[in-house]
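Only one structure is covered here, and it is reproduced in the block below.
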Amino acid sequence: MILKTIRSNSHGGNLYLASKEFGINEGKFLDYSANINPLGVPKDLEKLIKNNISKLVNYPNIDYSLLTEQISNYLKVNKKNIVVGNGATEVIYLTLEALKLKKVCMPCPTFSEYKGACNKFNIEIDYYNLKEENNFNLHIEDFKNYIDKDTSIEGIFLCNPNNPTSTLLNKKQLLDILFFANEKHIFVVLDESFIDLTNGDEKNSIKDFVKEYKNLIIIRSFTKFFGIPGLRLGCGICNEDLAKELIKIRLPWSINYFATLVGEILKEDNDYIINTKKWINEERDWFYSELKSIKKIKVFYPNTNFILVKLLDENIDSVKLREKLGEMGILIRDCSNFNNLSNKYVRFAIKDRDKNEKFIKNLKQVLN
């Protein structure tokens, strides 16, 4: 029963269930199923949490005005265009609750929580299948033609960089879609949760266009970059009127006090931020190169901190590989439950060099 639950789970990083399945203590796993910064919780944030334990007797500021201002300064976006949330996921759900769309289109494979949010609000989904022969990159003109044929589509979901394919659309491509959608009165929900872990980071974002394009809603996460999935913090960036509506329907005190302390470390000269960007830019290419040398897999080029891999050996699929590595204390993401992917696809997070070397060694052992 536990095994069935894990396999049907739509996300990685569930150490509790993995511990039950493999009989290994949660702290002993190398978790390559969740795309989290391997540098761990920032030391400055650890100190802030320890020094503010006594504040737990008080409610957090219900309007999160200080946190919003800190995020505004960090992202260089007007605070009136920002809505903070309990992780990016809350912002996704708030957005769909506010927009009241009837039908959306999304390229797939992509992040499964978009489907979950659409199902909650009874929104019909039209999936546009990305092609493996194009390395799962989005063909812009074909995508626009596809949408143009269905006048009932009211929204588009895009994930940039996309999860699980690790592909990245450039600004020109994004603005092409955005202009097209605006002309058709179609909303664009753009998830940039991993944008700060791409080569060029904020230069790849189109957050500066939310004032010009009222149909644009950008989703951002602080969980991945700062290694804090247990705290939950994200935000939405959109036009001022929609931001007010999202704040209006957001549950009171949805963000806990410790999560609000993240705002205190959002500074460009923060050593953690500098070291994180150095790590990902070096390790991404090294890890990709090492995986490419393994003959029994096809490796898709990563633009962020995870890599999509196809298993070419007919004797092993994503379930078997996950089980064999799991028995060794290594967790990976079985991608068979993503739309438009089969049980021949898996996703690996990118960690630090020591962990990555151990991972490569164990992967080769299993595949050989």
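FYI, nothing fancy with the structure tokens labels: chains A, B, ... in order, residues from 1 per chain, ligands from 1 as they appear.
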Exercise for the section: Find the residues near region 125-129 of chain A: any atom within 10 Å, counting only C-alpha atoms, skip ones fewer than 2 places away on the same chain, and give them as number ranges by chain. Expected result: A: 102-110, 114-115, 118-119, 122-123, 131-132, 136, 138, 142-143, 146-147, 150, 153, 155-157, 339-341
Handout entry: For Val309 (chain A): contacts at 12 Å, only C-alpha atoms, fewer than 6 positions along chain excluded, given as a PyMOL selection string
Key = chain A and resi 132+135-136+164-166+288+291-292+294-302+317-318+321+332-336+341-349
Given the selection you just returned, output its residues as a file containing C-alpha atoms, formatted as a PDB file, in the first residue's frame.
```
ATOM      1  CA  GLU A 132      11.128  14.534 -27.907  1.00  0.00           C
ATOM      2  CA  ASN A 135      14.310  17.946 -27.115  1.00  0.00           C
ATOM      3  CA  PHE A 136      10.965  18.976 -25.597  1.00  0.00           C
ATOM      4  CA  PRO A 164      10.695  18.289 -15.658  1.00  0.00           C
ATOM      5  CA  THR A 165      12.351  18.983 -19.039  1.00  0.00           C
ATOM      6  CA  SER A 166      14.731  21.764 -17.829  1.00  0.00           C
ATOM      7  CA  TYR A 288      25.511  16.840 -17.581  1.00  0.00           C
ATOM      8  CA  LEU A 291      25.734  11.624 -17.448  1.00  0.00           C
ATOM      9  CA  LYS A 292      26.323  11.978 -21.199  1.00  0.00           C
ATOM     10  CA  ILE A 294      26.825   6.744 -19.808  1.00  0.00           C
ATOM     11  CA  LYS A 295      25.785   4.758 -22.879  1.00  0.00           C
ATOM     12  CA  LYS A 296      22.427   3.375 -21.767  1.00  0.00           C
ATOM     13  CA  ILE A 297      20.695   6.715 -21.264  1.00  0.00           C
ATOM     14  CA  LYS A 298      19.748   9.773 -23.297  1.00  0.00           C
ATOM     15  CA  VAL A 299      20.407  13.011 -21.435  1.00  0.00           C
ATOM     16  CA  PHE A 300      18.557  16.241 -22.245  1.00  0.00           C
ATOM     17  CA  TYR A 301      20.497  19.453 -21.757  1.00  0.00           C
ATOM     18  CA  PRO A 302      19.607  21.162 -18.440  1.00  0.00           C
ATOM     19  CA  ASP A 317      12.257   1.345 -16.717  1.00  0.00           C
ATOM     20  CA  SER A 318      11.702   4.275 -14.371  1.00  0.00           C
ATOM     21  CA  LEU A 321      15.588   2.228 -11.586  1.00  0.00           C
ATOM     22  CA  ILE A 332      15.090   9.906  -7.999  1.00  0.00           C
ATOM     23  CA  ARG A 333      11.939  11.219  -9.659  1.00  0.00           C
ATOM     24  CA  ASP A 334      10.031   8.626 -11.655  1.00  0.00           C
ATOM     25  CA  CYS A 335       8.494  10.713 -14.470  1.00  0.00           C
ATOM     26  CA  SER A 336       5.984   8.145 -15.702  1.00  0.00           C
ATOM     27  CA  LEU A 341       6.114  10.982 -20.697  1.00  0.00           C
ATOM     28  CA  SER A 342       6.372   7.204 -20.298  1.00  0.00           C
ATOM     29  CA  ASN A 343       8.017   4.865 -17.811  1.00  0.00           C
ATOM     30  CA  LYS A 344      11.317   5.340 -19.644  1.00  0.00           C
ATOM     31  CA  TYR A 345      11.865   8.837 -18.226  1.00  0.00           C
ATOM     32  CA  VAL A 346      13.397   9.943 -14.931  1.00  0.00           C
ATOM     33  CA  ARG A 347      14.537  13.265 -13.483  1.00  0.00           C
ATOM     34  CA  PHE A 348      17.688  13.845 -11.454  1.00  0.00           C
ATOM     35  CA  ALA A 349      18.327  16.881  -9.272  1.00  0.00           C
TER      36      ALA A 349
END
```
Exercise for the section: Would you list, as an MDAnalysis selection string, the residues of region 116-270 of chain A that end up in alpha helix (DSSP H) under DSSP run on this structure's backbone? Expected result: chainID A and resid 116:120 140:148 171:183 240:249 257:260
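Considering only C-alpha atoms, the residue among A:Leu363, A:Val91, A:Leu311, A:Leu39 positioned nearest to Lys324 (chain A) is A:Leu363.
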Practice task
Write out as a PyMOL selection string each polymer residue whose atoms come within 7 Å of Ile186 (chain A), counting only C-alpha atoms; drop sequence neighbours fewer than 5 positions from it.
Solution key: chain A and resi 154-155+181+215
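Across the structure, CA of Pro252 (chain A) and CA of Leu96 (chain A) are spaced 18.2 Å apart.
What separates CA of Asn134 (chain A) from CA of Glu290 (chain A) is a distance of 22.3 Å.
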Fill in the blank from the handout: Using only C-alpha atoms, the shortest atom-to-atom distance to Glu21 (chain A) among A:Asp352, A:His185, A:Gly326, A:Asp285 belongs to A:Gly326
Exercise for the section: Going by DSSP on the backbone, which bits of region 126-316 of chain A are strand (DSSP E)? Write them as a PyMOL selection string, please. Expected result: chain A and resi 126-129+155-159+187-191+216-221+234-237+297-299+306-311
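Rounded to one decimal, CA of Ala34 (chain A) and CA of Glu202 (chain A) lie 22.2 Å from each other.
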Practice task
Do a neighbour search on Glu283 (chain A) at 9 Å with only C-alpha atoms, toss out local chain neighbours closer than 6 positions, and write the hits as a list in words.
Solution key: Asn305, Ile350, Lys351, Asp352, Arg353 and Asn356 of chain A
For the interface of region 21-136 of chain A with region 219-237 of chain A (cut-off 7 Å, counting only C-alpha atoms), please tabulate each contacting residue of region 21-136 of chain A alongside its nearest pair of atoms and their separation in Å to one decimal, rows sorted by chain and increasing number, as CSV.
```
residue,atom,partner,partner_atom,distance
A:Asn35,CA,A:Lys224,CA,6.5
A:Ile36,CA,A:Lys224,CA,4.7
A:Asn37,CA,A:Gly227,CA,4.9
A:Gly40,CA,A:Gly227,CA,5.2
A:Val41,CA,A:Gly227,CA,5.3
A:Pro42,CA,A:Phe226,CA,6.7
A:Asn81,CA,A:Ile237,CA,5.4
A:Ile82,CA,A:Ile237,CA,4.8
A:Val83,CA,A:Gly236,CA,5.0
A:Val84,CA,A:Cys235,CA,4.1
A:Gly85,CA,A:Gly234,CA,5.2
A:Asn86,CA,A:Leu233,CA,4.9
A:Gly87,CA,A:Leu233,CA,3.9
A:Ala88,CA,A:Gly234,CA,4.4
A:Val91,CA,A:Gly236,CA,6.0
```
